[in-house]
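The next block is entry.txt, given as compact mmCIF, C-alpha atoms and all ligand atoms.
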```
# COMPACT_ATOMS: atom_id res chain seq x y z
CA MET A 1 -3.85 13.53 -11.63
CA HIS A 2 -2.94 15.14 -8.32
CA PHE A 3 -3.34 18.46 -6.57
CA PHE A 4 0.28 19.36 -5.84
CA GLY A 5 1.92 22.14 -7.81
CA TYR A 6 3.35 25.64 -7.91
CA LYS A 7 1.42 28.83 -7.40
CA GLY A 8 3.97 31.43 -8.40
CA LYS A 9 7.22 30.21 -6.91
CA ASN A 10 5.64 28.40 -4.00
CA PHE A 11 4.90 24.69 -4.02
CA HIS A 12 1.41 23.93 -2.76
CA ALA A 13 -0.71 21.01 -1.68
CA GLU A 14 -4.19 22.03 -2.86
CA GLY A 15 -4.61 25.56 -1.43
CA VAL A 16 -1.85 25.36 1.15
CA PRO A 17 1.78 26.42 0.60
CA PHE A 18 4.27 23.84 1.81
CA GLU A 19 6.17 26.60 3.60
CA LYS A 20 3.17 27.14 5.84
CA ILE A 21 2.96 23.46 6.75
CA ILE A 22 6.68 23.26 7.37
CA ALA A 23 6.62 26.38 9.57
CA LYS A 24 3.96 24.74 11.75
CA VAL A 25 5.01 21.09 11.74
CA GLY A 26 8.71 21.01 10.79
CA THR A 27 10.43 18.42 8.62
CA PRO A 28 10.52 15.67 7.56
CA VAL A 29 6.78 15.64 7.04
CA TYR A 30 4.49 13.57 4.86
CA VAL A 31 1.80 15.72 3.25
CA TYR A 32 -1.32 14.15 1.73
CA SER A 33 -3.98 15.76 -0.43
CA LEU A 34 -7.49 14.69 0.52
CA LYS A 35 -8.88 15.82 -2.81
CA THR A 36 -6.36 13.61 -4.64
CA LEU A 37 -7.08 10.61 -2.42
CA LYS A 38 -10.80 10.91 -3.06
CA ARG A 39 -10.38 11.56 -6.75
CA HIS A 40 -8.24 8.46 -7.19
CA TYR A 41 -10.63 6.30 -5.19
CA LYS A 42 -13.59 7.52 -7.22
CA ALA A 43 -11.79 6.97 -10.52
CA TYR A 44 -11.24 3.35 -9.52
CA ASP A 45 -14.79 2.88 -8.33
CA LYS A 46 -16.19 4.46 -11.49
CA ALA A 47 -14.06 2.26 -13.72
CA PHE A 48 -16.02 -0.78 -12.53
CA ALA A 49 -19.38 0.91 -12.02
CA LYS A 50 -21.07 -1.21 -14.68
CA ALA A 51 -20.55 -4.46 -12.77
CA PRO A 52 -21.09 -5.57 -9.18
CA HIS A 53 -17.78 -4.76 -7.54
CA LEU A 54 -16.07 -3.90 -4.29
CA ILE A 55 -12.93 -1.81 -3.94
CA CYS A 56 -10.90 -3.01 -0.97
CA TYR A 57 -8.19 -0.39 -0.50
CA SER A 58 -4.95 -2.15 0.45
CA ILE A 59 -4.06 -0.72 3.83
CA LYS A 60 -0.37 -1.57 3.72
CA ALA A 61 0.26 1.18 1.15
CA ASN A 62 -0.70 3.93 3.60
CA SER A 63 -2.31 3.01 6.86
CA ASN A 64 -2.90 6.33 8.61
CA ILE A 65 -6.39 6.17 10.09
CA SER A 66 -7.34 9.53 8.54
CA VAL A 67 -6.47 8.14 5.12
CA LEU A 68 -8.53 5.02 5.84
CA LYS A 69 -11.43 7.14 7.08
CA ALA A 70 -11.41 9.13 3.84
CA PHE A 71 -11.94 5.90 1.91
CA ALA A 72 -14.40 4.37 4.39
CA ASP A 73 -16.50 7.53 3.98
CA GLU A 74 -16.59 6.87 0.23
CA GLY A 75 -17.86 3.33 0.86
CA SER A 76 -14.53 1.59 0.34
CA GLY A 77 -13.75 -1.82 1.72
CA PHE A 78 -10.26 -2.83 2.84
CA ASP A 79 -7.62 -5.43 2.13
CA ILE A 80 -5.78 -6.28 5.34
CA VAL A 81 -2.74 -8.44 6.00
CA SER A 82 -2.56 -8.41 9.80
CA GLY A 83 -4.56 -8.05 12.96
CA GLY A 84 -2.97 -4.61 13.24
CA GLU A 85 -4.45 -3.52 9.93
CA LEU A 86 -7.85 -4.88 10.98
CA PHE A 87 -7.58 -2.85 14.17
CA ARG A 88 -6.77 0.29 12.16
CA ALA A 89 -9.59 -0.32 9.69
CA LEU A 90 -12.15 -0.69 12.47
CA LYS A 91 -10.82 2.45 14.20
CA ALA A 92 -11.37 4.33 10.95
CA GLY A 93 -14.99 3.16 10.77
CA ALA A 94 -14.64 0.41 8.16
CA ASN A 95 -17.51 -1.95 7.50
CA PRO A 96 -16.15 -5.42 8.42
CA LYS A 97 -18.39 -6.97 5.77
CA LYS A 98 -16.19 -5.24 3.20
CA ILE A 99 -12.86 -6.52 4.53
CA VAL A 100 -10.75 -9.23 2.91
CA PHE A 101 -7.79 -10.73 4.77
CA SER A 102 -4.72 -11.62 2.68
CA GLY A 103 -1.21 -12.75 3.63
CA VAL A 104 0.83 -15.96 3.81
CA GLY A 105 1.26 -16.08 7.58
CA LYS A 106 -1.99 -15.30 9.37
CA ARG A 107 -1.58 -16.21 13.03
CA ALA A 108 -4.29 -17.99 15.02
CA ASP A 109 -5.03 -14.90 17.11
CA GLU A 110 -5.40 -12.81 13.94
CA ILE A 111 -7.76 -15.35 12.37
CA GLU A 112 -9.81 -15.36 15.56
CA PHE A 113 -9.95 -11.55 15.66
CA ALA A 114 -11.14 -11.43 12.04
CA LEU A 115 -13.76 -14.14 12.60
CA LYS A 116 -15.12 -12.37 15.65
CA LYS A 117 -15.45 -9.18 13.60
CA ASN A 118 -17.27 -11.05 10.79
CA ILE A 119 -15.07 -9.97 7.88
CA LEU A 120 -16.18 -10.75 4.33
CA MET A 121 -13.54 -13.29 3.38
CA PHE A 122 -10.14 -14.84 4.03
CA ASN A 123 -7.79 -15.00 1.06
CA VAL A 124 -6.14 -18.30 1.87
CA GLU A 125 -2.54 -18.91 0.84
CA SER A 126 -1.81 -22.49 1.93
CA PRO A 127 -3.58 -25.79 2.72
CA GLU A 128 -2.41 -25.55 6.35
CA GLU A 129 -3.91 -22.09 6.69
CA LEU A 130 -7.25 -23.38 5.43
CA LEU A 131 -7.19 -26.14 8.06
CA ALA A 132 -6.33 -23.60 10.75
CA ILE A 133 -9.22 -21.32 9.73
CA ASN A 134 -11.60 -24.29 9.68
CA ALA A 135 -10.51 -25.35 13.16
CA ILE A 136 -10.69 -21.87 14.68
CA ALA A 137 -14.07 -21.17 13.08
CA GLY A 138 -15.34 -24.47 14.50
CA ARG A 139 -14.16 -23.55 17.98
CA LEU A 140 -15.90 -20.17 17.70
CA LYS A 141 -19.02 -21.78 16.18
CA LYS A 142 -18.66 -19.63 13.08
CA LYS A 143 -18.50 -20.21 9.35
CA ALA A 144 -15.55 -18.62 7.55
CA SER A 145 -15.94 -17.56 3.92
CA PHE A 146 -12.78 -17.94 1.92
CA ALA A 147 -11.13 -17.53 -1.46
CA ILE A 148 -7.93 -19.30 -2.38
CA ARG A 149 -5.19 -17.03 -3.57
CA VAL A 150 -4.18 -18.74 -6.75
CA ASN A 151 -0.62 -18.40 -7.95
CA PRO A 152 -1.12 -18.26 -11.73
CA ASN A 153 2.57 -18.26 -12.69
CA VAL A 154 2.24 -15.01 -14.63
CA ASP A 155 5.14 -12.59 -14.97
CA PRO A 156 3.94 -9.10 -13.97
CA LYS A 157 7.10 -7.53 -15.47
CA THR A 158 7.91 -5.46 -12.44
CA HIS A 159 10.70 -5.28 -9.82
CA PRO A 160 11.50 -8.85 -8.64
CA TYR A 161 10.93 -7.89 -4.98
CA ILE A 162 7.33 -6.93 -5.74
CA SER A 163 6.29 -9.63 -8.18
CA THR A 164 4.20 -12.22 -6.41
CA GLY A 165 2.46 -14.43 -8.98
CA LEU A 166 5.33 -16.61 -10.13
CA LYS A 167 5.87 -20.24 -9.10
CA LYS A 168 9.05 -19.31 -7.29
CA ASN A 169 7.22 -16.74 -5.11
CA LYS A 170 5.96 -17.63 -1.66
CA PHE A 171 2.43 -16.45 -2.40
CA GLY A 172 -0.74 -18.40 -3.06
CA ILE A 173 -1.34 -21.98 -4.18
CA GLU A 174 -0.76 -23.24 -7.74
CA THR A 175 -3.96 -23.83 -9.71
CA ALA A 176 -4.02 -27.65 -9.55
CA GLY A 177 -3.41 -27.60 -5.81
CA ALA A 178 -6.04 -24.91 -5.32
CA LEU A 179 -8.67 -27.04 -7.07
CA LYS A 180 -7.89 -29.91 -4.70
CA GLU A 181 -8.27 -27.62 -1.70
CA TYR A 182 -11.62 -26.24 -2.83
CA ILE A 183 -13.00 -29.74 -3.29
CA ASN A 184 -11.57 -30.94 -0.01
CA ALA A 185 -13.14 -27.94 1.72
CA LYS A 186 -16.52 -28.66 0.15
CA ASN A 187 -16.47 -32.33 1.12
CA ASN A 188 -14.64 -32.35 4.43
CA LEU A 189 -14.29 -28.96 6.08
CA LYS A 190 -17.54 -28.01 7.71
CA ASN A 191 -16.67 -24.56 9.00
CA VAL A 192 -15.39 -22.91 5.83
CA ILE A 193 -17.39 -21.77 2.81
CA PRO A 194 -15.69 -21.53 -0.60
CA MET A 195 -16.81 -18.12 -1.79
CA GLY A 196 -14.25 -16.67 -4.18
CA ILE A 197 -11.08 -16.97 -6.19
CA ASP A 198 -8.27 -14.54 -5.44
CA CYS A 199 -5.21 -13.58 -7.43
CA HIS A 200 -2.64 -10.82 -6.84
CA ILE A 201 0.37 -10.98 -9.14
CA GLY A 202 2.50 -8.04 -8.07
CA SER A 203 2.81 -4.30 -7.74
CA GLN A 204 3.71 -1.30 -9.92
CA ILE A 205 2.47 -3.15 -12.99
CA THR A 206 2.40 -0.85 -16.00
CA GLN A 207 0.69 -3.05 -18.59
CA ILE A 208 -2.74 -4.63 -18.76
CA GLU A 209 -1.64 -7.97 -20.25
CA PRO A 210 -0.33 -9.64 -17.06
CA PHE A 211 -3.64 -8.89 -15.31
CA MET A 212 -5.58 -10.33 -18.24
CA ASP A 213 -3.39 -13.44 -18.39
CA ALA A 214 -4.03 -14.04 -14.70
CA LEU A 215 -7.75 -13.37 -15.16
CA ALA A 216 -7.96 -15.93 -17.98
CA LYS A 217 -6.58 -18.57 -15.61
CA THR A 218 -8.95 -17.49 -12.86
CA LYS A 219 -11.88 -17.83 -15.25
CA ASP A 220 -10.83 -21.38 -16.18
CA LEU A 221 -10.74 -22.29 -12.53
CA LEU A 222 -14.12 -20.65 -11.94
CA LYS A 223 -15.63 -22.83 -14.65
CA THR A 224 -14.11 -25.98 -13.22
CA LEU A 225 -15.25 -25.14 -9.69
CA ARG A 226 -18.78 -24.43 -10.82
CA GLY A 227 -18.73 -27.71 -12.68
CA GLU A 228 -17.91 -29.34 -9.35
CA GLY A 229 -20.95 -27.70 -7.81
CA LEU A 230 -19.19 -24.91 -5.91
CA ASP A 231 -21.03 -21.63 -5.72
CA ILE A 232 -18.23 -19.11 -6.32
CA LYS A 233 -19.50 -15.55 -5.96
CA TYR A 234 -16.35 -13.40 -6.03
CA ILE A 235 -13.31 -12.93 -8.20
CA ASP A 236 -10.67 -10.89 -6.37
CA MET A 237 -8.12 -9.47 -8.83
CA GLY A 238 -5.80 -8.08 -6.15
CA GLY A 239 -4.04 -4.76 -6.56
CA GLY A 240 -0.97 -3.88 -8.54
CA LEU A 241 -1.83 -1.15 -11.01
CA GLY A 242 1.23 1.07 -11.38
CA ILE A 243 1.62 4.84 -11.24
CA THR A 244 3.83 7.42 -12.91
CA TYR A 245 6.92 8.09 -10.81
CA ASP A 246 9.05 9.26 -13.72
CA SER A 247 8.07 8.47 -17.30
CA GLU A 248 6.05 5.26 -16.84
CA ALA A 249 2.72 5.27 -18.62
CA PRO A 250 0.52 2.76 -16.78
CA PRO A 251 -3.05 2.25 -17.94
CA LEU A 252 -5.62 4.45 -16.23
CA PRO A 253 -8.14 2.65 -14.01
CA SER A 254 -10.75 3.37 -16.70
CA LYS A 255 -8.76 1.41 -19.32
CA TYR A 256 -8.10 -1.40 -16.89
CA GLY A 257 -11.81 -1.37 -16.05
CA GLU A 258 -12.86 -1.64 -19.69
CA ALA A 259 -10.64 -4.67 -20.25
CA VAL A 260 -11.73 -6.45 -17.08
CA LEU A 261 -15.43 -5.75 -17.61
CA GLU A 262 -15.22 -7.07 -21.14
CA ALA A 263 -13.47 -10.24 -19.98
CA THR A 264 -15.87 -10.91 -17.10
CA LYS A 265 -19.15 -10.12 -18.85
CA GLY A 266 -21.89 -12.55 -17.91
CA LEU A 267 -19.80 -14.43 -15.32
CA GLY A 268 -22.22 -13.57 -12.56
CA VAL A 269 -19.58 -12.70 -9.99
CA THR A 270 -18.82 -9.68 -7.84
CA LEU A 271 -15.38 -8.32 -8.69
CA ILE A 272 -13.05 -7.33 -5.86
CA PHE A 273 -10.00 -5.09 -6.32
CA GLU A 274 -7.29 -4.35 -3.80
CA PRO A 275 -5.57 -1.20 -5.08
CA GLY A 276 -3.01 0.52 -2.90
CA ARG A 277 -0.38 2.48 -4.77
CA SER A 278 -2.64 3.60 -7.64
CA ILE A 279 -4.89 5.38 -5.14
CA VAL A 280 -2.46 6.84 -2.60
CA GLY A 281 0.93 6.94 -4.36
CA ASN A 282 0.63 10.28 -6.06
CA ALA A 283 -1.49 11.73 -3.28
CA GLY A 284 1.47 12.13 -0.93
CA VAL A 285 4.70 14.13 -0.83
CA LEU A 286 7.57 13.96 1.64
CA ALA A 287 8.91 17.40 2.51
CA THR A 288 12.46 17.61 3.79
CA LYS A 289 14.98 20.26 4.76
CA VAL A 290 18.46 20.60 3.32
CA ILE A 291 20.85 20.38 6.27
CA TYR A 292 24.12 20.77 4.36
CA THR A 293 25.45 20.66 0.85
CA LYS A 294 28.92 19.42 0.07
CA LYS A 295 31.08 19.04 -2.99
CA GLY A 296 33.04 15.82 -3.30
CA SER A 297 35.69 15.44 -5.99
CA GLU A 298 33.27 13.29 -8.01
CA LYS A 299 29.85 14.34 -6.81
CA ASN A 300 27.72 16.96 -5.22
CA PHE A 301 25.82 15.84 -2.16
CA VAL A 302 22.67 17.43 -0.86
CA ILE A 303 22.22 16.18 2.70
CA VAL A 304 18.62 16.34 3.86
CA ASP A 305 16.79 15.55 7.08
CA ALA A 306 14.72 12.72 5.55
CA ALA A 307 16.45 9.39 5.14
CA MET A 308 16.00 5.76 4.20
CA ASN A 309 14.18 5.22 7.48
CA ASP A 310 11.53 7.72 6.29
CA LEU A 311 11.34 6.59 2.66
CA ALA A 312 12.90 3.20 2.07
CA ARG A 313 11.94 2.76 -1.59
CA PRO A 314 15.03 4.29 -3.27
CA SER A 315 17.40 2.25 -1.08
CA LEU A 316 15.37 -0.92 -1.25
CA TYR A 317 14.35 -1.04 -4.89
CA GLY A 318 16.39 1.72 -6.52
CA SER A 319 13.08 3.52 -7.01
CA TYR A 320 12.81 6.89 -8.65
CA HIS A 321 10.98 9.71 -6.87
CA ALA A 322 10.84 13.10 -8.56
CA ILE A 323 12.24 15.96 -6.50
CA LYS A 324 11.05 19.55 -6.53
CA ALA A 325 12.07 22.65 -4.63
CA VAL A 326 9.51 24.02 -2.21
CA LYS A 327 10.60 27.48 -3.43
CA ALA A 328 11.06 27.30 -7.20
CA THR A 329 14.39 28.30 -8.68
CA SER A 330 15.53 28.01 -12.27
CA ARG A 331 19.15 27.14 -11.44
CA GLU A 332 19.96 23.42 -11.41
CA ILE A 333 22.69 21.15 -10.10
CA THR A 334 23.44 17.46 -10.45
CA ALA A 335 23.67 15.80 -7.07
CA ASP A 336 23.00 12.81 -4.88
CA VAL A 337 20.25 13.61 -2.40
CA VAL A 338 21.17 11.69 0.74
CA GLY A 339 19.99 11.34 4.32
CA PRO A 340 21.94 11.39 7.60
CA ILE A 341 21.93 7.60 8.09
CA CYS A 342 25.23 5.78 8.32
CA GLU A 343 24.89 3.67 5.18
CA SER A 344 25.87 4.37 1.60
CA GLY A 345 22.49 2.96 0.63
CA ASP A 346 20.83 5.92 2.34
CA PHE A 347 19.85 8.03 -0.63
CA LEU A 348 16.67 9.51 -2.05
CA ALA A 349 18.13 10.24 -5.48
CA LYS A 350 21.40 9.56 -7.27
CA ASP A 351 23.12 11.66 -9.93
CA ARG A 352 19.95 13.63 -10.32
CA ILE A 353 19.45 17.05 -11.86
CA ILE A 354 17.63 18.95 -9.12
CA PRO A 355 16.95 22.60 -8.33
CA ALA A 356 20.05 24.30 -6.93
CA VAL A 357 19.33 24.31 -3.21
CA GLU A 358 21.34 25.46 -0.23
CA SER A 359 21.27 24.56 3.43
CA GLY A 360 18.00 25.69 4.96
CA ASP A 361 16.01 25.21 1.74
CA PHE A 362 13.27 22.62 1.42
CA LEU A 363 12.67 19.84 -1.09
CA ALA A 364 9.51 17.94 -1.96
CA ILE A 365 9.97 14.22 -2.66
CA MET A 366 7.10 13.33 -4.93
CA SER A 367 4.90 10.23 -5.22
CA ALA A 368 5.59 9.26 -1.62
CA GLY A 369 2.02 8.53 -0.57
CA ALA A 370 2.30 4.75 -1.02
CA TYR A 371 4.81 2.61 0.88
CA GLY A 372 6.35 5.77 2.30
CA PHE A 373 5.39 6.30 5.91
CA SER A 374 3.99 2.78 6.14
CA MET A 375 7.46 1.32 5.56
CA SER A 376 9.31 3.81 7.73
CA SER A 377 11.37 2.76 10.73
CA ASN A 378 13.34 4.17 13.63
CA TYR A 379 16.72 3.10 12.30
CA ASN A 380 19.53 5.23 13.77
CA THR A 381 17.04 6.13 16.54
CA ARG A 382 15.34 8.63 14.31
CA PRO A 383 11.81 9.65 15.32
CA ARG A 384 9.42 8.97 12.48
CA ALA A 385 8.04 11.90 10.52
CA ALA A 386 4.80 13.77 11.13
CA GLU A 387 1.89 13.31 8.72
CA VAL A 388 -0.39 16.09 7.53
CA MET A 389 -3.65 15.97 5.57
CA VAL A 390 -4.50 18.96 3.40
CA ASP A 391 -8.13 19.68 2.66
CA GLY A 392 -8.57 22.74 0.46
CA LYS A 393 -7.13 25.68 2.36
CA ASP A 394 -6.92 23.77 5.65
CA PHE A 395 -4.41 21.30 6.94
CA PHE A 396 -4.52 18.84 9.79
CA LEU A 397 -1.83 17.06 11.76
CA ILE A 398 -2.89 13.43 11.36
CA ARG A 399 0.14 11.97 13.05
CA ASP A 400 2.43 13.63 15.58
CA ARG A 401 6.14 13.56 14.96
CA GLU A 402 7.59 10.92 17.24
CA THR A 403 9.49 12.07 20.30
CA LEU A 404 12.72 10.74 21.74
CA GLU A 405 10.90 9.67 24.90
CA GLY A 406 8.37 7.88 22.72
CA LEU A 407 11.17 5.97 21.02
CA VAL A 408 12.35 4.32 24.24
CA ARG A 409 8.86 3.73 25.64
CA GLY A 410 8.58 0.06 26.44
CA GLU A 411 12.33 -0.43 26.82
CA ARG A 412 13.74 -0.98 30.29
CA LEU A 413 17.02 -1.14 32.09
CA MET A 414 17.60 -4.59 33.57
CA LYS A 415 16.93 -4.64 37.26
CA GLY A 416 17.22 -7.69 39.51
CA LYS A 417 13.55 -8.20 40.23
CA LYS A 418 12.24 -7.84 36.68
CA ARG A 419 13.70 -11.17 35.62
CA ILE A 420 11.19 -13.32 33.69
N1 LIG A 501 -3.17 -7.00 -2.39
C1 LIG A 501 -2.16 -7.76 -1.93
C2 LIG A 501 -2.41 -9.13 -1.53
C3 LIG A 501 -0.86 -7.21 -1.85
O1 LIG A 501 0.13 -7.96 -1.41
C4 LIG A 501 -0.64 -5.88 -2.26
C5 LIG A 501 0.69 -5.28 -2.18
C6 LIG A 501 -1.74 -5.12 -2.72
C7 LIG A 501 -2.99 -5.72 -2.78
C8 LIG A 501 -1.62 -3.70 -3.14
O2 LIG A 501 -0.81 -3.56 -4.26
P1 LIG A 501 -0.65 -2.16 -5.02
O3 LIG A 501 -1.98 -1.81 -5.64
O4 LIG A 501 -0.24 -1.15 -4.01
O5 LIG A 501 0.41 -2.43 -6.02
N2 LIG A 501 6.70 -1.90 -0.92
C9 LIG A 501 6.61 -2.06 -2.35
C10 LIG A 501 5.27 -2.60 -2.76
C11 LIG A 501 4.88 -3.89 -2.08
C12 LIG A 501 3.51 -4.37 -2.46
C13 LIG A 501 3.04 -5.42 -1.52
N3 LIG A 501 1.73 -5.92 -1.79
C14 LIG A 501 6.93 -0.72 -3.01
O6 LIG A 501 7.19 0.25 -2.30
O7 LIG A 501 6.97 -0.63 -4.23
```
Could the structure of this file be written out as structure tokens, please?
Amino acid sequence: MHFFGYKGKNFHAEGVPFEKIIAKVGTPVYVYSLKTLKRHYKAYDKAFAKAPHLICYSIKANSNISVLKAFADEGSGFDIVSGGELFRALKAGANPKKIVFSGVGKRADEIEFALKKNILMFNVESPEELLAINAIAGRLKKKASFAIRVNPNVDPKTHPYISTGLKKNKFGIETAGALKEYINAKNNLKNVIPMGIDCHIGSQITQIEPFMDALAKTKDLLKTLRGEGLDIKYIDMGGGLGITYDSEAPPLPSKYGEAVLEATKGLGVTLIFEPGRSIVGNAGVLATKVIYTKKGSEKNFVIVDAAMNDLARPSLYGSYHAIKAVKATSREITADVVGPICESGDFLAKDRIIPAVESGDFLAIMSAGAYGFSMSSNYNTRPRAAEVMVDGKDFFLIRDRETLEGLVRGERLMKGKKRI
């Protein structure tokens, strides 16, 4: 459930009309609802309240430091995949002891940064990475706790670009190989401590079964590892719970919680979850202005000032985002909603029935809180959008719109003496 909706004809975020935000900040603008963010976080946390657990919000979904701060204030931990995300988390006041570090390509400097900050655990994705962590920890005279990200070969039944737990995917280590690595670590690697088992099978998953299939395999491995004398304290189930963009009906966190709690009863582990989308996805909307409308012989086009550089998901995955008018109207048209970028793939919606808008009107692109701004770019030298957080009747600019000067900062014209 989210706190976006109409009051009369005017679309609001909590108590604030979009028109008011747009008048102050312009478009395109990402608008987040603090109440929705907190509600979603709490729903997740409550779902697992009966067992020792840690929610590590997955920063990649939406990494604005005000968003992170909202979760840190609730006691959330964080799932990071880069030194940059660690930097953001710390800026937002995260407790390093609640940070897990995932990702297939952690660089030495990133591993060192994380070790110096004493994060909870590395989610290791390859034997070479484990050796690198062991060596760097040794050099720093530290012990690094780790989980191996196990690739369980489970089909999450989602878009192929965002399924990660199949043999053909680059992620994790297959179970047999993982077992070998744990035992090797125990016997031979003095600076790493086997602490958990990690598994993340994909994103926008709308059924419980794939999670439970993966969990069954994790439990088997847990048993084997304990049999080998390893003291495994954590099971990290990753993220991946889907949301409703259109007509999907994913399980609520409470249902997911019930199933997981039942399956992990008596295991004596702390459960870790890394939700991203299910917490922030429906807590954000991208507001955009209609620049022109035009009638082709086959189609109507609504040309807006947000584009694939602002919201890549429709172009990249063919994703559906619902579209509403900021000022409600009952008339409808069928149109492609497209951005100004010079690619036919630059669309936000195709052949969609939308409110009949004209140039100068505003549209709200729904469910844009996850993988929206965080995947945006400057393609076509377009400054990235502003971000606004709404809190009740107040709203705050939490990221300035980029400026043209800002876009070329760091670039230089070649001059004789600057040769390197
Ligand atoms: N943990 C790990 C290790 C991950 O790789 C991810 C997402 C998550 C947690 C969070 O997953 P979530 O709860 O958000 O599903 N850009 C794509 C989604 C890519 C997901 C990448 N990994 C999209 O816009 O649909």
Requested in this report: Return as an NGL selection string every polymer residue, whether protein, DNA or RNA, with at least one atom no more than 8 Å from an atom of ligand LIG 501 (chain A); count all atoms listed in the file.
Outcome: :A and (57-61 or 79 or 81 or 102-103 or 161-162 or 164 or 199-200 or 202-205 or 238-242 or 273-279 or 312-313 or 317 or 319 or 370-372 or 375)
Query - Near-A:Arg401 list (10 Å; all atoms listed in the file; drop same-chain fewer than 6 positions) as number ranges by chain - result: A: 25-29, 383-387
Those same residues, written as a JSON list (two decimals), keeping the file's coordinate frame with C-alpha atoms?
```
[["chain", "number", "residue", "atom", "x", "y", "z"],
["A", 25, "VAL", "CA", 5.01, 21.09, 11.74],
["A", 26, "GLY", "CA", 8.71, 21.01, 10.79],
["A", 27, "THR", "CA", 10.43, 18.42, 8.62],
["A", 28, "PRO", "CA", 10.52, 15.67, 7.56],
["A", 29, "VAL", "CA", 6.78, 15.64, 7.04],
["A", 383, "PRO", "CA", 11.81, 9.65, 15.32],
["A", 384, "ARG", "CA", 9.42, 8.97, 12.48],
["A", 385, "ALA", "CA", 8.04, 11.90, 10.52],
["A", 386, "ALA", "CA", 4.80, 13.77, 11.13],
["A", 387, "GLU", "CA", 1.89, 13.31, 8.72]]
```
Query raised in the report: Could you name the residues that touch A:Lys9 at 8 Å or less, counting all atoms listed in the file, but leaving out those on the same chain fewer than 2 positions away, as a ChimeraX atom specification?
Result: /A:6-7,11,327-329
How would the residues just picked look written out with C-alpha atoms as a compact mmCIF listing (two decimals), in the frame of the given file?
```
# COMPACT_ATOMS: atom_id res chain seq x y z
CA TYR A 6 3.35 25.64 -7.91
CA LYS A 7 1.42 28.83 -7.40
CA PHE A 11 4.90 24.69 -4.02
CA LYS A 327 10.60 27.48 -3.43
CA ALA A 328 11.06 27.30 -7.20
CA THR A 329 14.39 28.30 -8.68
```
Nearby residues, (-11.6, 25.8, 1.2) file frame, 12 Å, only C-alpha atoms, as a PDB file with C-alpha atoms, in the coordinates of the input:
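Done, and the output landed in selection_34.pdb:
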```
ATOM      1  CA  GLU A  14      -4.190  22.030  -2.860  1.00  0.00           C
ATOM      2  CA  GLY A  15      -4.610  25.560  -1.430  1.00  0.00           C
ATOM      3  CA  VAL A  16      -1.850  25.360   1.150  1.00  0.00           C
ATOM      4  CA  LEU A  34      -7.490  14.690   0.520  1.00  0.00           C
ATOM      5  CA  LYS A  35      -8.880  15.820  -2.810  1.00  0.00           C
ATOM      6  CA  VAL A 390      -4.500  18.960   3.400  1.00  0.00           C
ATOM      7  CA  ASP A 391      -8.130  19.680   2.660  1.00  0.00           C
ATOM      8  CA  GLY A 392      -8.570  22.740   0.460  1.00  0.00           C
ATOM      9  CA  LYS A 393      -7.130  25.680   2.360  1.00  0.00           C
ATOM     10  CA  ASP A 394      -6.920  23.770   5.650  1.00  0.00           C
ATOM     11  CA  PHE A 395      -4.410  21.300   6.940  1.00  0.00           C
TER      12      PHE A 395
END
```
Requested in this report: Just give me the gap between atom CA of A:Gly406 and atom CA of A:Pro340 in Å, one decimal is fine.
Outcome: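 Going from atom CA of A:Gly406 over to atom CA of A:Pro340, I get 20.6 Å.
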Query raised in the report: What is the atom CA of A:Tyr32-atom CA of A:Leu348 distance in Å, reported with one decimal?
Result: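 That distance, rounded to one decimal, is 19.0 Å.
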**Report entry** Neighbour list for stretch 355-361 of chain A as a list in words, cut-off 7 Å, only C-alpha atoms, skip fewer than 6 positions in-chain
**Finding:** Lys289, Val290, Ile291, Tyr292, Thr293, Lys324, Ala325, Thr329, Ser330, Arg331, Glu332 and Ile333 of chain A
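For A:Ala287, the residues within 9 Å (counting all atoms listed in the file, excluding itself and residues fewer than 3 positions away along the chain) are A:Phe18, A:Ile22, A:Thr27, A:Pro28, A:Val29, A:Tyr30, A:Val31, A:Ala306, A:Val326, A:Phe362, A:Leu363, A:Ala364, A:Ile365, A:Met366.
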